[in-house]
$ cat target23.csv   # CSV, C-alpha atoms and all ligand atoms
chain,number,residue,atom,x,y,z
A,586,MET,CA,-2.8,27.8,-57.6
A,587,SER,CA,-0.2,26.0,-59.6
A,588,HIS,CA,-0.2,28.5,-62.5
A,589,LEU,CA,0.9,31.1,-60.1
A,590,SER,CA,4.0,29.3,-59.0
A,591,VAL,CA,7.4,30.9,-59.3
A,592,PRO,CA,9.7,28.9,-61.5
A,593,ALA,CA,11.4,25.8,-60.0
A,594,ARG,CA,9.8,26.2,-56.6
A,595,PRO,CA,6.3,25.6,-55.3
A,596,ALA,CA,4.3,28.8,-54.9
A,597,PRO,CA,4.8,30.1,-51.4
A,598,ALA,CA,1.8,30.2,-49.2
A,599,GLY,CA,0.0,33.4,-50.1
A,600,ALA,CA,1.5,33.8,-53.5
A,601,GLY,CA,-1.9,33.6,-55.1
A,602,VAL,CA,-3.3,36.2,-52.7
A,603,PHE,CA,-1.5,39.0,-54.6
A,604,PHE,CA,-3.2,37.9,-57.8
A,605,SER,CA,-6.7,37.6,-56.6
A,606,PRO,CA,-8.1,38.1,-53.1
A,607,ALA,CA,-10.8,35.5,-53.9
A,608,ALA,CA,-8.2,32.9,-54.7
A,609,GLY,CA,-6.4,33.8,-51.5
A,610,GLY,CA,-9.5,33.5,-49.4
A,611,ALA,CA,-10.4,30.1,-50.9
A,612,ARG,CA,-6.9,28.8,-50.6
A,613,SER,CA,-6.6,29.8,-47.0
A,614,ALA,CA,-9.9,28.2,-45.9
A,615,GLY,CA,-8.3,27.5,-42.7
A,616,PRO,CA,-9.6,26.8,-39.2
A,617,VAL,CA,-12.8,28.8,-39.8
A,618,GLY,CA,-13.6,27.7,-43.3
A,619,LEU,CA,-13.6,31.2,-44.8
A,620,ALA,CA,-15.3,32.2,-48.0
A,621,ALA,CA,-13.5,34.6,-50.4
A,622,ALA,CA,-11.8,37.7,-49.1
A,623,PRO,CA,-13.7,41.0,-49.8
A,624,ARG,CA,-14.1,42.6,-53.2
A,625,ALA,CA,-13.7,46.4,-53.3
A,626,ALA,CA,-17.5,46.9,-53.8
A,627,GLU,CA,-18.2,45.0,-50.6
A,628,THR,CA,-15.9,47.2,-48.6
A,629,ALA,CA,-17.7,50.5,-49.5
A,630,ASP,CA,-20.0,50.3,-46.4
A,631,ALA,CA,-18.6,53.1,-44.2
A,632,ARG,CA,-19.1,51.0,-41.1
A,633,HIS,CA,-16.2,48.9,-42.1
A,634,LEU,CA,-12.6,49.3,-43.2
A,635,LEU,CA,-11.6,45.9,-44.7
A,636,GLY,CA,-8.9,46.9,-47.2
A,637,LEU,CA,-7.3,49.5,-49.4
A,638,GLU,CA,-7.9,47.6,-52.7
A,639,GLY,CA,-10.1,49.6,-55.0
A,640,MET,CA,-10.1,52.7,-52.8
A,641,SER,CA,-10.0,55.9,-54.9
A,642,ARG,CA,-7.4,58.6,-54.7
A,643,ASP,CA,-9.9,61.0,-53.2
A,644,ALA,CA,-10.9,58.5,-50.5
A,645,LEU,CA,-7.3,57.9,-49.6
A,646,LEU,CA,-6.4,61.6,-49.5
A,647,GLY,CA,-9.5,62.0,-47.3
A,648,TRP,CA,-8.2,59.4,-44.8
A,649,LEU,CA,-4.7,61.1,-44.8
A,650,ALA,CA,-6.3,64.5,-44.2
A,651,ALA,CA,-8.4,63.2,-41.3
A,652,ALA,CA,-5.4,61.4,-39.8
A,653,ALA,CA,-3.2,64.5,-40.0
A,654,GLU,CA,-5.9,66.4,-38.2
A,655,TRP,CA,-6.1,63.9,-35.5
A,656,ARG,CA,-2.3,64.0,-35.2
A,657,THR,CA,-2.4,67.7,-34.5
A,658,ARG,CA,-5.1,67.2,-31.9
A,659,LEU,CA,-3.3,64.3,-30.2
A,660,ALA,CA,-0.2,66.4,-29.8
A,661,ALA,CA,-2.0,68.7,-27.3
A,662,PRO,CA,-0.8,68.1,-23.7
A,663,ARG,CA,-3.1,65.6,-21.9
A,664,PHE,CA,-5.3,65.3,-24.9
A,665,ALA,CA,-8.6,63.5,-24.3
A,666,ALA,CA,-11.8,63.5,-26.5
A,667,ASP,CA,-15.3,62.2,-26.2
A,668,THR,CA,-15.7,61.4,-29.9
A,669,LEU,CA,-16.4,57.7,-29.1
A,670,ARG,CA,-18.2,58.2,-25.8
A,671,GLY,CA,-20.9,55.6,-25.6
A,672,VAL,CA,-19.3,53.5,-28.3
A,673,ALA,CA,-18.2,50.0,-27.3
A,674,VAL,CA,-15.2,48.6,-29.2
A,675,CYS,CA,-13.9,45.1,-29.0
A,676,ASN,CA,-10.3,44.3,-30.2
A,677,ALA,CA,-10.5,40.7,-31.2
A,678,PHE,CA,-7.0,39.5,-31.9
A,679,PHE,CA,-6.8,35.9,-33.1
A,680,GLU,CA,-3.2,36.4,-34.0
A,681,ASP,CA,-0.2,37.9,-32.1
A,682,SER,CA,0.3,41.7,-32.2
A,683,THR,CA,2.1,44.3,-30.2
A,684,ARG,CA,2.0,47.6,-31.9
A,685,THR,CA,-1.2,47.3,-33.8
A,686,ARG,CA,-3.2,46.2,-30.7
A,687,VAL,CA,-1.6,48.8,-28.4
A,688,SER,CA,-2.1,51.5,-31.1
A,689,PHE,CA,-5.8,50.7,-31.5
A,690,GLU,CA,-6.4,50.5,-27.8
A,691,LEU,CA,-4.7,53.8,-27.2
A,692,ALA,CA,-6.7,55.5,-30.0
A,693,GLU,CA,-10.0,54.0,-28.6
A,694,ARG,CA,-9.2,55.2,-25.1
A,695,ARG,CA,-8.1,58.6,-26.2
A,696,LEU,CA,-11.4,59.0,-27.9
A,697,GLY,CA,-13.4,57.9,-24.9
A,698,ALA,CA,-14.7,54.5,-26.1
A,699,ALA,CA,-15.6,51.6,-23.8
A,700,VAL,CA,-12.9,49.2,-24.8
A,701,VAL,CA,-12.5,45.5,-24.3
A,702,THR,CA,-9.6,43.4,-25.7
A,703,PHE,CA,-9.9,39.8,-26.5
A,704,ALA,CA,-7.0,37.5,-27.3
A,705,ALA,CA,-7.6,34.2,-28.9
A,706,ALA,CA,-5.5,32.3,-26.4
A,707,GLY,CA,-7.7,31.6,-23.4
A,708,SER,CA,-10.9,32.1,-25.3
A,709,SER,CA,-13.7,29.7,-26.2
A,710,LEU,CA,-12.1,29.3,-29.6
A,711,SER,CA,-9.9,26.7,-27.9
A,712,LYS,CA,-13.2,24.9,-27.1
A,713,GLY,CA,-14.1,24.6,-30.8
A,714,GLU,CA,-16.4,27.7,-31.1
A,715,SER,CA,-16.5,29.0,-34.7
A,716,LEU,CA,-15.3,32.5,-35.6
A,717,LEU,CA,-18.8,33.6,-36.4
A,718,ASP,CA,-20.3,32.3,-33.2
A,719,THR,CA,-17.5,34.1,-31.2
A,720,ALA,CA,-18.2,37.3,-33.1
A,721,ARG,CA,-22.0,37.0,-32.6
A,722,THR,CA,-21.4,36.4,-28.9
A,723,ILE,CA,-19.3,39.6,-28.6
A,724,ALA,CA,-21.8,41.6,-30.7
A,725,ALA,CA,-24.7,40.4,-28.6
A,726,MET,CA,-23.2,42.1,-25.6
A,727,GLY,CA,-23.7,45.4,-27.4
A,728,VAL,CA,-20.4,46.0,-29.1
A,729,ASP,CA,-20.5,48.6,-31.9
A,730,LEU,CA,-17.1,48.1,-33.5
A,731,LEU,CA,-15.0,45.0,-33.8
A,732,VAL,CA,-11.3,45.4,-34.6
A,733,VAL,CA,-10.2,42.0,-36.0
A,734,ARG,CA,-6.8,40.5,-36.5
A,735,HIS,CA,-6.9,36.9,-37.9
A,736,GLY,CA,-4.6,34.5,-39.6
A,737,SER,CA,-7.0,33.7,-42.4
A,738,PRO,CA,-7.5,36.1,-45.3
A,739,GLY,CA,-11.2,37.2,-45.4
A,740,ALA,CA,-12.0,36.7,-41.7
A,741,PRO,CA,-12.9,40.3,-41.1
A,742,ALA,CA,-15.0,40.4,-44.3
A,743,LEU,CA,-16.8,37.3,-43.2
A,744,ILE,CA,-17.8,38.9,-40.0
A,745,ALA,CA,-18.8,42.1,-41.7
A,746,ARG,CA,-21.1,40.2,-44.1
A,747,HIS,CA,-23.0,38.4,-41.3
A,748,LEU,CA,-23.1,40.9,-38.4
A,749,GLU,CA,-24.4,44.4,-38.0
A,750,VAL,CA,-21.3,45.6,-36.1
A,751,GLY,CA,-18.7,47.8,-37.8
A,752,VAL,CA,-15.5,45.8,-38.6
A,753,ILE,CA,-12.0,47.1,-38.9
A,754,ASN,CA,-9.4,44.8,-40.4
A,755,ALA,CA,-6.3,44.9,-38.2
A,756,GLY,CA,-4.5,42.3,-40.5
A,757,ASP,CA,-6.0,39.2,-42.1
A,758,GLY,CA,-3.4,36.6,-43.1
A,759,GLU,CA,-1.5,37.6,-46.2
A,760,HIS,CA,-4.4,39.7,-47.5
A,761,GLU,CA,-4.5,43.3,-46.2
A,762,HIS,CA,-3.6,45.5,-43.3
A,763,PRO,CA,-5.4,48.7,-44.2
A,764,THR,CA,-4.6,50.9,-41.2
A,765,GLN,CA,-0.9,49.9,-41.6
A,766,GLY,CA,-1.2,50.9,-45.3
A,767,LEU,CA,-2.7,54.3,-44.3
A,768,LEU,CA,0.0,55.0,-41.7
A,769,ASP,CA,2.6,54.1,-44.3
A,770,LEU,CA,1.0,56.6,-46.7
A,771,LEU,CA,0.9,59.3,-44.1
A,772,THR,CA,4.6,58.8,-43.3
A,773,LEU,CA,5.5,59.0,-46.9
A,774,ALA,CA,3.2,62.0,-47.5
A,775,ASP,CA,5.2,63.8,-44.8
A,776,ALA,CA,8.5,62.8,-46.4
A,777,TRP,CA,7.4,63.7,-49.9
A,778,GLY,CA,5.7,67.0,-49.2
A,779,GLY,CA,2.3,65.5,-49.8
A,780,ARG,CA,3.0,64.5,-53.5
A,781,PHE,CA,2.9,60.9,-54.5
A,782,GLU,CA,3.0,61.4,-58.3
A,783,GLY,CA,6.4,60.7,-59.8
A,784,ARG,CA,7.7,59.1,-56.6
A,785,ARG,CA,9.0,55.6,-56.3
A,786,ILE,CA,9.4,53.3,-53.3
A,787,ALA,CA,11.4,50.1,-53.2
A,788,ILE,CA,9.7,47.4,-51.1
A,789,VAL,CA,12.2,44.6,-50.2
A,790,GLY,CA,11.9,41.2,-48.7
A,791,ASP,CA,9.2,38.6,-48.1
A,792,VAL,CA,6.6,40.1,-50.4
A,793,ALA,CA,4.6,36.9,-50.8
A,794,HIS,CA,3.5,36.7,-47.2
A,795,SER,CA,3.1,40.4,-46.6
A,796,ARG,CA,-0.3,42.0,-46.1
A,797,VAL,CA,1.6,45.2,-45.4
A,798,ALA,CA,3.1,45.1,-48.9
A,799,ARG,CA,-0.4,44.5,-50.5
A,800,SER,CA,-2.1,47.4,-48.7
A,801,ALA,CA,0.9,49.6,-49.5
A,802,LEU,CA,0.8,48.7,-53.1
A,803,PHE,CA,-2.9,49.4,-53.5
A,804,GLY,CA,-2.7,52.7,-51.7
A,805,LEU,CA,0.5,53.9,-53.4
A,806,THR,CA,-0.5,53.0,-57.0
A,807,ALA,CA,-3.9,54.7,-56.5
A,808,LEU,CA,-2.1,57.8,-55.4
A,809,GLY,CA,0.2,57.8,-58.5
A,810,ALA,CA,3.4,56.5,-56.9
A,811,ARG,CA,5.5,53.7,-58.4
A,812,VAL,CA,6.3,50.5,-56.4
A,813,THR,CA,9.4,48.3,-57.1
A,814,PHE,CA,9.5,45.0,-55.3
A,815,ALA,CA,12.6,43.0,-54.7
A,816,GLY,CA,13.2,39.8,-52.8
A,817,PRO,CA,14.1,36.1,-53.1
A,818,PRO,CA,12.3,34.5,-56.0
A,819,THR,CA,10.8,32.0,-53.6
A,820,LEU,CA,9.1,34.9,-51.7
A,821,MET,CA,8.0,36.8,-54.7
A,822,PRO,CA,4.4,36.1,-55.8
A,823,ALA,CA,3.4,36.0,-59.5
A,824,GLY,CA,1.1,38.7,-60.9
A,825,LEU,CA,2.8,41.8,-59.5
A,826,ALA,CA,3.1,43.4,-62.9
A,827,ALA,CA,-0.7,43.0,-63.4
A,828,LEU,CA,-1.2,45.0,-60.2
A,829,GLY,CA,0.9,47.9,-61.5
A,830,ALA,CA,4.2,47.1,-59.7
A,831,GLU,CA,7.7,46.6,-61.0
A,832,VAL,CA,10.0,43.7,-59.9
A,833,ALA,CA,13.7,44.2,-59.7
A,834,GLY,CA,16.2,41.4,-59.8
A,835,THR,CA,18.4,42.7,-57.0
A,836,VAL,CA,18.0,44.8,-54.0
A,837,GLU,CA,20.5,47.3,-55.4
A,838,GLU,CA,18.5,47.7,-58.6
A,839,ALA,CA,15.3,48.3,-56.6
A,840,LEU,CA,16.9,50.9,-54.3
A,841,ALA,CA,18.9,52.9,-56.8
A,842,GLY,CA,17.5,56.4,-56.9
A,843,ALA,CA,14.2,55.4,-55.1
A,844,ASP,CA,12.4,58.0,-53.0
A,845,ALA,CA,11.8,55.6,-50.1
A,846,ALA,CA,12.5,52.0,-49.1
A,847,MET,CA,10.4,49.6,-47.0
A,848,ALA,CA,12.0,46.5,-45.5
A,849,LEU,CA,9.6,43.6,-44.8
A,850,ARG,CA,9.9,41.2,-42.0
A,851,LEU,CA,10.7,37.6,-42.9
A,852,GLN,CA,7.3,36.0,-42.1
A,853,ARG,CA,8.6,32.7,-41.0
A,854,GLU,CA,5.3,31.8,-39.2
A,855,ARG,CA,3.6,31.8,-42.6
A,856,MET,CA,6.3,30.0,-44.5
A,857,GLU,CA,6.8,26.4,-45.5
A,858,SER,CA,10.3,25.5,-44.6
A,859,GLY,CA,13.1,25.8,-47.2
A,860,LEU,CA,12.0,29.0,-48.9
A,861,VAL,CA,15.0,30.8,-47.5
A,862,PRO,CA,18.4,28.9,-47.4
A,863,SER,CA,19.4,30.6,-44.1
A,864,VAL,CA,18.8,33.8,-42.3
A,865,GLY,CA,22.5,34.8,-42.7
A,866,GLU,CA,22.3,34.3,-46.5
A,867,TYR,CA,19.1,36.2,-46.6
A,868,ALA,CA,20.7,39.2,-44.8
A,869,ARG,CA,23.7,39.1,-47.1
A,870,VAL,CA,21.7,39.1,-50.3
A,871,TRP,CA,18.5,41.1,-49.4
A,872,GLY,CA,19.2,42.9,-46.1
A,873,LEU,CA,18.9,46.7,-46.0
A,874,ASP,CA,22.2,47.8,-44.7
A,875,ALA,CA,23.8,51.3,-44.7
A,876,ARG,CA,25.7,50.7,-47.9
A,877,ARG,CA,22.5,49.8,-49.7
A,878,ALA,CA,20.5,52.6,-48.1
A,879,GLY,CA,23.1,54.9,-49.6
A,880,LEU,CA,21.8,54.0,-53.0
A,881,LEU,CA,18.5,55.8,-52.3
A,882,ALA,CA,17.7,59.3,-53.3
A,883,PRO,CA,19.1,61.9,-50.8
A,884,GLY,CA,16.8,62.2,-47.8
A,885,ALA,CA,14.7,59.2,-48.8
A,886,PRO,CA,13.2,57.6,-45.7
A,887,VAL,CA,13.4,53.9,-44.7
A,888,LEU,CA,10.2,52.3,-43.4
A,889,HIS,CA,9.6,49.0,-41.6
A,890,PRO,CA,6.2,47.9,-40.3
A,891,GLY,CA,7.7,46.1,-37.3
A,892,PRO,CA,8.5,43.9,-35.6
A,893,MET,CA,12.0,44.2,-36.9
A,894,ASN,CA,14.5,41.4,-37.1
A,895,ARG,CA,17.6,43.5,-36.7
A,896,GLU,CA,20.6,42.4,-38.9
A,897,VAL,CA,18.2,40.2,-40.9
A,898,GLU,CA,16.0,42.4,-43.1
A,899,ILE,CA,17.4,45.6,-41.8
A,900,SER,CA,20.7,46.5,-40.0
A,901,SER,CA,20.6,48.4,-36.7
A,902,GLU,CA,22.6,51.1,-38.4
A,903,VAL,CA,19.8,51.8,-40.8
A,904,ALA,CA,16.9,51.1,-38.3
A,905,ASP,CA,18.4,53.7,-35.9
A,906,GLY,CA,19.9,56.0,-38.4
A,907,PRO,CA,18.8,59.3,-39.8
A,908,ARG,CA,16.7,57.9,-42.6
A,909,SER,CA,14.7,55.7,-40.3
A,910,ALA,CA,11.0,56.5,-40.2
A,911,VAL,CA,10.1,53.5,-38.1
A,912,LEU,CA,9.0,55.4,-35.0
A,913,ARG,CA,7.3,58.1,-37.1
A,914,GLN,CA,5.2,55.2,-38.6
A,915,VAL,CA,4.2,54.0,-35.1
A,916,ALA,CA,3.3,57.5,-34.0
A,917,ASN,CA,1.2,58.1,-37.2
A,918,GLY,CA,-0.6,54.8,-36.5
A,919,VAL,CA,-2.4,56.2,-33.5
A,920,ALA,CA,-3.7,59.2,-35.5
A,921,VAL,CA,-4.8,57.0,-38.4
A,922,ARG,CA,-6.7,54.7,-36.1
A,923,CYS,CA,-8.4,57.7,-34.5
A,924,ALA,CA,-9.6,58.7,-37.9
A,925,VAL,CA,-10.8,55.2,-38.8
A,926,LEU,CA,-12.5,54.6,-35.5
A,927,GLU,CA,-14.3,57.9,-35.8
A,928,ARG,CA,-15.6,57.3,-39.3
A,929,CYS,CA,-16.6,53.7,-38.7
A,930,ALA,CA,-18.4,54.6,-35.4
A,931,THR,CA,-20.3,57.4,-37.0
A,932,ALA,CA,-21.4,55.2,-39.9
A,933,ARG,CA,-22.3,52.4,-37.5
A,934,SER,CA,-24.5,54.7,-35.3
A,935,ARG,CA,-26.3,55.9,-38.5
A,936,ALA,CA,-27.0,52.3,-39.5
A,937,ALA,CA,-28.1,51.2,-36.1
A,1001,LIG,C1,2.9,43.6,-39.4
A,1001,LIG,C2,1.7,42.6,-39.4
A,1001,LIG,O1,1.5,42.0,-38.4
A,1001,LIG,O2,1.1,42.5,-40.4
A,1001,LIG,N1,3.2,44.3,-38.3
A,1001,LIG,C3,2.3,45.3,-37.9
A,1001,LIG,O3,1.1,45.1,-37.9
A,1001,LIG,N2,2.9,46.5,-37.7
A,1001,LIG,C4,4.0,43.1,-40.2
A,1001,LIG,C5,4.7,41.8,-39.7
A,1001,LIG,O4,4.2,41.1,-38.9
A,1001,LIG,O5,5.7,41.5,-40.2
$ encode --input "target23.csv" --output "structure tokens" --more "lines below"
Ligand code: NCD
Amino acid sequence: MSHLSVPARPAPAGAGVFFSPAAGGARSAGPVGLAAAPRAAETADARHLLGLEGMSRDALLGWLAAAAEWRTRLAAPRFAADTLRGVAVCNAFFEDSTRTRVSFELAERRLGAAVVTFAAAGSSLSKGESLLDTARTIAAMGVDLLVVRHGSPGAPALIARHLEVGVINAGDGEHEHPTQGLLDLLTLADAWGGRFEGRRIAIVGDVAHSRVARSALFGLTALGARVTFAGPPTLMPAGLAALGAEVAGTVEEALAGADAAMALRLQRERMESGLVPSVGEYARVWGLDARRAGLLAPGAPVLHPGPMNREVEISSEVADGPRSAVLRQVANGVAVRCAVLERCATARSRAA
């Protein structure tokens, strides 16, 4: 870990994750004692969606086409489908979530699945049950798909390795958030007329702790777009250049002429204290305000995965302004999750 440190400060939690998922998994061996996070080859089983790392351009474009199709279908008044009829889905959220959980649930219900949602608080985890035992218990009830959000990188992969159910990663620690990555790609594809080659996005803020940034980076570089990161040195992991990204020294430098910007939430729950001097100072130096958004290419959209800290990483003027794609991202999320649920359920029923 130490060789990944940024100068003069200890490496932030998660800094190594950018460099190697295996290192991230081992480092974060947290409450459930996880093994390494998934390698690309392991994620190829179509029952699962564990990450975007290693996914080919064609596979990504396939996902975007499927999601766009679902988006059209979902727009029909009183849309309902029976694509997932007879499929039991459990949303297992071991970490807080609003939009991701609601979005998965809505997609599952729209497609006619039998849905149950499980939140870690109030579960047997508080009685000391291991993650795998909890997952096995749920699977034994006849669940076909598990949608897993967990604070430890590699938790969904661990379940996928040991159980027959299909596993969809809804965010694992600082590792990946593949459905968020796909919805970001779909939102950018809309703004960019479907062409990623030659485009550049500036991703600004707490990069070290961001699974959203990692999934976006893997997806965007595979599709031929360039990614420039900017953020406080204490929140910038080492090894970004090796992953094909550029790093700018200032937010202005990153934004100048970029074809899109993404502001990241300050992930204070994953941070050791002292990485940011103060929220006010952070907003002043790194916040995406209207003046800074004006540096972007004309018409370039501004994304934020939510939840937003207004006037911290993004000003209300930008979040609610004409460039904001925030609600389009949320809407696209339901379509992306329909596509993912459909494919994973189909593969799971073939495997069963
Ligand atoms: C993100 C997450 O939880 O990874 N939110 C989301 O899923 N839309 C980003 C965040 O929490 O900052």
$ residues_near_ligand --input "target23.csv" --ligand "ligand LIG 1001 (chain A)" --cutoff "6 Å" --atoms "all atoms listed in the file" --output "CSV table (one decimal) with C-alpha atoms, keeping the file's coordinate frame"
chain,number,residue,atom,x,y,z
A,684,ARG,CA,2.0,47.6,-31.9
A,685,THR,CA,-1.2,47.3,-33.8
A,756,GLY,CA,-4.5,42.3,-40.5
A,796,ARG,CA,-0.3,42.0,-46.1
A,797,VAL,CA,1.6,45.2,-45.4
A,850,ARG,CA,9.9,41.2,-42.0
A,890,PRO,CA,6.2,47.9,-40.3
A,891,GLY,CA,7.7,46.1,-37.3
A,892,PRO,CA,8.5,43.9,-35.6
$ atom_distance --input "target23.csv" --atom1 "CA of Arg922 in chain A" --atom2 "CA of Arg780 in chain A"
22.2 Å
$ closest_residue --input "target23.csv" --among "A:Glu714, A:Asp874, A:Asp681, A:Asp769" --to "Gly906 in chain A" --atoms "only C-alpha atoms"
A:Asp874
$ closest_residue --input "target23.csv" --among "A:Val732, A:Ile723, A:Ala826, A:Ile788" --to "Ser688 in chain A" --atoms "all atoms listed in the file"
A:Val732
$ closest_residue --input "target23.csv" --among "A:Leu770, A:Ala740, A:Cys675, A:Trp777" --to "Thr722 in chain A" --atoms "all atoms listed in the file"
A:Cys675
$ closest_residue --input "target23.csv" --among "A:Glu782, A:Glu866, A:Asp667, A:Glu759" --to "Asp844 in chain A" --atoms "only C-alpha atoms"
A:Glu782
$ residues_around --input "target23.csv" --residues "Gly879 in chain A" --least-positions-apart "4" --cutoff "10 Å" --atoms "all atoms listed in the file" --output "VMD selection string"
chain A and resid 837 840 to 842 873 to 875 883 to 885 903 908
$ closest_residue --input "target23.csv" --among "A:Met821, A:Leu645, A:Ala920, A:Ala724" --to "Ala793 in chain A" --atoms "all atoms listed in the file"
A:Met821
$ closest_residue --input "target23.csv" --among "A:Ala868, A:Ala644, A:Leu637, A:Ala665" --to "Cys923 in chain A" --atoms "only C-alpha atoms"
A:Ala665
$ atom_distance --input "target23.csv" --atom1 "CA of Val915 in chain A" --atom2 "CA of Ile899 in chain A"
17.0 Å
$ atom_distance --input "target23.csv" --atom1 "CA of Gly779 in chain A" --atom2 "CA of Trp648 in chain A"
13.1 Å
$ residues_near_point --input "target23.csv" --point "(-14.9, 37.3, -39.0)" --cutoff "10 Å" --atoms "all atoms listed in the file" --output "PyMOL selection string"
chain A and resi 617+619+677+715-721+731-735+737-748+752+754+757
$ residues_around --input "target23.csv" --residues "Ala839 in chain A" --least-positions-apart "5" --cutoff "7 Å" --atoms "only C-alpha atoms" --output "compact mmCIF listing (two decimals) with C-alpha atoms, in the frame of the given file"
# COMPACT_ATOMS: atom_id res chain seq x y z
CA ALA A 787 11.40 50.10 -53.20
CA THR A 813 9.40 48.30 -57.10
CA PHE A 814 9.50 45.00 -55.30
CA ALA A 815 12.60 43.00 -54.70
CA ALA A 833 13.70 44.20 -59.70
$ residues_near_point --input "target23.csv" --point "(-0.3, 64.7, -42.8)" --cutoff "12 Å" --atoms "only C-alpha atoms" --output "count of residues only"
34
$ residues_around --input "target23.csv" --residues "Ala631 in chain A" --least-positions-apart "2" --cutoff "12 Å" --atoms "all atoms listed in the file" --output "ChimeraX atom specification"
/A:626-629,633-636,644,730,745,750-753,925-936
$ write_last_selection --input "target23.csv" --atoms "C-alpha atoms" --output "tab-separated table (two decimals), in the frame of the given file"
chain	number	residue	atom	x	y	z
A	626	ALA	CA	-17.50	46.90	-53.80
A	627	GLU	CA	-18.20	45.00	-50.60
A	628	THR	CA	-15.90	47.20	-48.60
A	629	ALA	CA	-17.70	50.50	-49.50
A	633	HIS	CA	-16.20	48.90	-42.10
A	634	LEU	CA	-12.60	49.30	-43.20
A	635	LEU	CA	-11.60	45.90	-44.70
A	636	GLY	CA	-8.90	46.90	-47.20
A	644	ALA	CA	-10.90	58.50	-50.50
A	730	LEU	CA	-17.10	48.10	-33.50
A	745	ALA	CA	-18.80	42.10	-41.70
A	750	VAL	CA	-21.30	45.60	-36.10
A	751	GLY	CA	-18.70	47.80	-37.80
A	752	VAL	CA	-15.50	45.80	-38.60
A	753	ILE	CA	-12.00	47.10	-38.90
A	925	VAL	CA	-10.80	55.20	-38.80
A	926	LEU	CA	-12.50	54.60	-35.50
A	927	GLU	CA	-14.30	57.90	-35.80
A	928	ARG	CA	-15.60	57.30	-39.30
A	929	CYS	CA	-16.60	53.70	-38.70
A	930	ALA	CA	-18.40	54.60	-35.40
A	931	THR	CA	-20.30	57.40	-37.00
A	932	ALA	CA	-21.40	55.20	-39.90
A	933	ARG	CA	-22.30	52.40	-37.50
A	934	SER	CA	-24.50	54.70	-35.30
A	935	ARG	CA	-26.30	55.90	-38.50
A	936	ALA	CA	-27.00	52.30	-39.50
